[in-house]
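Input: a single structure, listed below in structure tokens.
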Amino acid sequence: MGIGIEEKKPLLIQLNGQYYDIADFASKHPGGAKVLHRLAGEEVGEFIRGEKRIMGVRHEHSEAAYNMLERYNVNAIQKGDPLIESKTGMLFNVGSLGSEYWHWIHQPYDGTLRLFDSDLLESMTRTAWWVVPAVWMPIVILFSIISIASFSAATDVYNSILLWSACLHRWVFHWKPSPHSPNQILLHFLAHGLHHKTPMDGDRLVFPPVPAALIVGIFYVIYSNTFQWSVFCAFGAGKLFGYVTYDMVHYYLHHGSPRPRSNLHYRKVYHHNHHFKNFDVGFGISTSLWDYVFHTIGMGPL
């Protein structure tokens, strides 16, 4: 993990579809900061109007409170931000944010950012969700057939499939760049920071095939020279299938509408809270298993 960035975290609440970063106000809140932290990432309309209790208290806020809240409107704060409003590529300027970077990426922007001046390069950063399975699933199927056929020469097909299934896994981690390293900030922004800055940009939720192919190529060279061919095919198919599944579930959690109280609804709220309540916990997409292991359990629905 890189050098920690010591700075205050955003404290986001939502009112009528607008996000407000009230981190600077929390300590001055007449009802105390604790209640605001409890509502982080939530739609607060019912609570502000006094229609619903929070921590046993129900309070209807005054017009002055609404006016004060507007000072912390994220859209208003972001007006004039040269990185957001730039009509040219902003990617290579993000490193200049320095110690402001971590706070900046966690103030979500409901829009899209232009990364490159080149229209061709820019188009390669935007990917419809269906492109990922269309590109990678044929390779997964091919490698799976090869591996099962190879394993079945020494064992039965049932055990061959078990061996293939054992390779389905994915490791995900979050890393903080050094605020003193523009290159680390740039790398983090490309890997994950852009998603936290623009979490609802549907064309940047899945990993584009062109850069993905470069990464897959590197791992192909490493793994194919490490494992026997049949084992490599099983391992490669499992890794690719895990990646495709992760990207599809992640996309659905942002843009799907799962049935309330279903497991997917819980996962959607859990992931929403990772973005808007506390980005230091709740990393799991399809399961909370590794959050339990690494003590980073997040919060589901209230």
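We name chains A, B, ... following the order of the structure tokens; residues begin at 1 in each chain, and ligands are numbered from 1 as shown.
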
Report task. Can you pull out every residue within 7 Å of Phe143 of chain A, counting only C-alpha atoms, but drop anything in the same chain fewer than 3 positions away, and send it as a PyMOL selection string? Result -> chain A and resi 139-140+146-147+233-234+237

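Taking only segment 2-186 of chain A, the residues that DSSP calls strand (DSSP E or B) from the backbone come to Leu12, Ile13, Gln14, Leu15, Gln18, Tyr19, Tyr20, Asp21, Glu43, Arg49, Ile54, Val57, Glu60 and Asn73 of chain A.
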
Query - Selected residue of minimal separation from Arg38 of chain A among A:Asp280, A:Gly50, A:Gly236, A:Met55, counting only C-alpha atoms - result: A:Met55

Could you build a table of the residues in segment 210-288 of chain A lying no more than 9 Å from segment 108-131 of chain A, giving for each the nearest pair of atoms and their separation in Å rounded to one decimal place, using only C-alpha atoms, ordered by chain and ascending residue number, as CSV?
```
residue,atom,partner,partner_atom,distance
A:Val210,CA,A:Met124,CA,6.9
A:Pro211,CA,A:Met124,CA,8.5
A:Asp247,CA,A:Trp129,CA,8.1
A:Met248,CA,A:Trp129,CA,7.1
A:Tyr251,CA,A:Trp129,CA,7.2
A:His275,CA,A:Pro108,CA,8.5
A:Phe276,CA,A:Pro108,CA,8.3
```

**Report entry** In segment 22-270 of chain A, DSSP helix (DSSP H, G or I) residues written as a VMD selection string
**Finding:** chain A and resid 26 to 28 33 to 38 45 to 48 63 to 72 74 to 78 82 to 85 91 to 105 119 to 123 131 to 152 157 to 165 182 to 197 202 to 204 209 to 224 229 to 255 263 to 270

Query raised in the report: Which one of A:Tyr243, A:Lys268, A:Asn225, A:Gln14 sits closest to Ala212 of chain A if you count only C-alpha atoms?
Result: A:Tyr243

Requested in this report: Might you pull out every residue within 9 Å of segment 252-264 of chain A, with only C-alpha atoms counted and same-chain residues fewer than 3 positions away left off, and present them as a VMD selection string?
Outcome: chain A and resid 199 to 200 202 205 247 to 249 267 to 269 271 to 272 285 to 286 301

Write to file, as a compact mmCIF listing (two decimals), in the first residue's frame, the residues of the selection just made, with all heavy atoms.
```txt
# COMPACT_ATOMS: atom_id res chain seq x y z
N PRO A 199 -19.04 7.80 -10.94
CA PRO A 199 -19.55 6.44 -10.71
C PRO A 199 -20.74 6.05 -11.58
O PRO A 199 -21.02 4.86 -11.74
CB PRO A 199 -19.94 6.46 -9.23
CG PRO A 199 -20.20 7.90 -8.91
CD PRO A 199 -19.23 8.66 -9.76
N MET A 200 -21.46 7.02 -12.15
CA MET A 200 -22.63 6.68 -12.95
C MET A 200 -22.39 6.83 -14.45
O MET A 200 -23.33 6.78 -15.24
CB MET A 200 -23.82 7.55 -12.52
CG MET A 200 -24.22 7.37 -11.06
SD MET A 200 -24.44 5.63 -10.58
CE MET A 200 -25.88 5.19 -11.56
N GLY A 202 -21.94 5.26 -17.48
CA GLY A 202 -22.16 3.88 -17.90
C GLY A 202 -21.16 3.35 -18.90
O GLY A 202 -20.97 2.13 -18.99
N LEU A 205 -17.75 1.93 -16.88
CA LEU A 205 -17.92 1.03 -15.75
C LEU A 205 -17.22 -0.31 -15.97
O LEU A 205 -16.88 -1.00 -15.02
CB LEU A 205 -19.41 0.78 -15.49
CG LEU A 205 -20.07 1.73 -14.49
CD1 LEU A 205 -21.58 1.47 -14.44
CD2 LEU A 205 -19.48 1.56 -13.10
N ASP A 247 -17.12 -7.70 -13.84
CA ASP A 247 -17.52 -6.50 -14.59
C ASP A 247 -19.03 -6.45 -14.81
O ASP A 247 -19.65 -5.39 -14.71
CB ASP A 247 -16.80 -6.45 -15.94
CG ASP A 247 -15.69 -5.42 -15.96
OD1 ASP A 247 -15.44 -4.79 -14.91
OD2 ASP A 247 -15.07 -5.22 -17.02
N MET A 248 -19.66 -7.60 -15.10
CA MET A 248 -21.09 -7.61 -15.35
C MET A 248 -21.89 -7.34 -14.08
O MET A 248 -22.87 -6.58 -14.09
CB MET A 248 -21.52 -8.97 -15.95
CG MET A 248 -20.93 -9.27 -17.34
SD MET A 248 -21.36 -8.02 -18.60
CE MET A 248 -19.93 -6.93 -18.53
N VAL A 249 -21.48 -7.96 -12.97
CA VAL A 249 -22.17 -7.72 -11.70
C VAL A 249 -21.98 -6.27 -11.28
O VAL A 249 -22.94 -5.60 -10.85
CB VAL A 249 -21.66 -8.67 -10.60
CG1 VAL A 249 -22.23 -8.29 -9.23
CG2 VAL A 249 -22.03 -10.11 -10.94
N ARG A 267 -26.66 -6.18 -2.36
CA ARG A 267 -25.35 -5.91 -2.94
C ARG A 267 -25.30 -4.51 -3.57
O ARG A 267 -24.29 -3.82 -3.50
CB ARG A 267 -25.00 -6.95 -4.01
CG ARG A 267 -24.95 -8.40 -3.63
CD ARG A 267 -24.10 -8.74 -2.45
NE ARG A 267 -22.84 -8.03 -2.36
CZ ARG A 267 -22.07 -8.06 -1.28
NH1 ARG A 267 -22.44 -8.75 -0.23
NH2 ARG A 267 -20.94 -7.40 -1.26
N LYS A 268 -26.40 -4.10 -4.18
CA LYS A 268 -26.46 -2.77 -4.81
C LYS A 268 -26.31 -1.67 -3.75
O LYS A 268 -25.53 -0.73 -3.93
CB LYS A 268 -27.78 -2.60 -5.57
CG LYS A 268 -27.91 -1.25 -6.29
CD LYS A 268 -29.24 -1.18 -7.03
CE LYS A 268 -29.41 0.18 -7.71
NZ LYS A 268 -28.54 0.34 -8.88
N VAL A 269 -27.07 -1.79 -2.66
CA VAL A 269 -26.98 -0.79 -1.59
C VAL A 269 -25.61 -0.84 -0.93
O VAL A 269 -25.02 0.20 -0.62
CB VAL A 269 -28.09 -1.02 -0.55
CG1 VAL A 269 -27.94 -0.05 0.62
CG2 VAL A 269 -29.47 -0.86 -1.20
N HIS A 271 -22.78 -1.65 -2.28
CA HIS A 271 -21.80 -1.00 -3.16
C HIS A 271 -22.04 0.51 -3.23
O HIS A 271 -21.09 1.30 -3.28
CB HIS A 271 -21.86 -1.61 -4.56
CG HIS A 271 -20.77 -1.12 -5.46
ND1 HIS A 271 -19.43 -1.28 -5.16
CD2 HIS A 271 -20.81 -0.43 -6.64
CE1 HIS A 271 -18.70 -0.75 -6.13
NE2 HIS A 271 -19.50 -0.21 -7.02
N HIS A 272 -23.31 0.92 -3.25
CA HIS A 272 -23.64 2.34 -3.21
C HIS A 272 -23.02 2.99 -1.98
O HIS A 272 -22.45 4.09 -2.04
CB HIS A 272 -25.16 2.52 -3.20
CG HIS A 272 -25.60 3.95 -3.01
ND1 HIS A 272 -25.72 4.52 -1.75
CD2 HIS A 272 -25.95 4.91 -3.89
CE1 HIS A 272 -26.12 5.77 -1.88
NE2 HIS A 272 -26.27 6.04 -3.17
N ILE A 285 -18.01 -7.00 -4.25
CA ILE A 285 -19.03 -6.79 -5.28
C ILE A 285 -20.08 -7.89 -5.22
O ILE A 285 -21.25 -7.65 -4.96
CB ILE A 285 -18.40 -6.73 -6.69
CG1 ILE A 285 -17.47 -5.52 -6.81
CG2 ILE A 285 -19.49 -6.67 -7.76
CD1 ILE A 285 -18.16 -4.18 -6.68
N SER A 286 -19.68 -9.12 -5.44
CA SER A 286 -20.64 -10.23 -5.44
C SER A 286 -20.73 -10.93 -4.09
O SER A 286 -21.66 -11.70 -3.84
CB SER A 286 -20.25 -11.26 -6.52
OG SER A 286 -18.95 -11.77 -6.27
N PRO A 301 -28.58 -1.98 3.42
CA PRO A 301 -29.71 -1.05 3.62
C PRO A 301 -29.93 -0.74 5.09
O PRO A 301 -29.70 -1.60 5.96
CB PRO A 301 -30.90 -1.83 3.03
CG PRO A 301 -30.30 -2.84 2.11
CD PRO A 301 -28.99 -3.20 2.71
```

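Shell of Asn273 of chain A at 9 Å, with only C-alpha atoms counted and residues fewer than 6 places along the chain excluded, is Ala40, Gly41, Glu42, Phe279, Val281, Gly282, Gly298, Met299, Gly300 and Pro301 of chain A.
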
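You can rank A:Gln107, A:Gln228, A:Thr245, A:Asn183 by their closest distance to Trp136 of chain A using only C-alpha atoms, and at the top of that list sits A:Thr245.
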
Report summary line: The residue from A:Gly238, A:Gly56, A:Gly284, A:Gly32 with the smallest atom-to-atom distance to Thr296 of chain A, counting only C-alpha atoms, is A:Gly284

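Atom pair atom CA of Thr226 of chain A / atom CA of Gly242 of chain A: separated by 20.1 Å.
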
**Report entry** Selected residue of minimal separation from Ile22 of chain A among A:Glu70, A:Glu43, A:Glu85, A:Glu100, counting only C-alpha atoms
**Finding:** A:Glu70
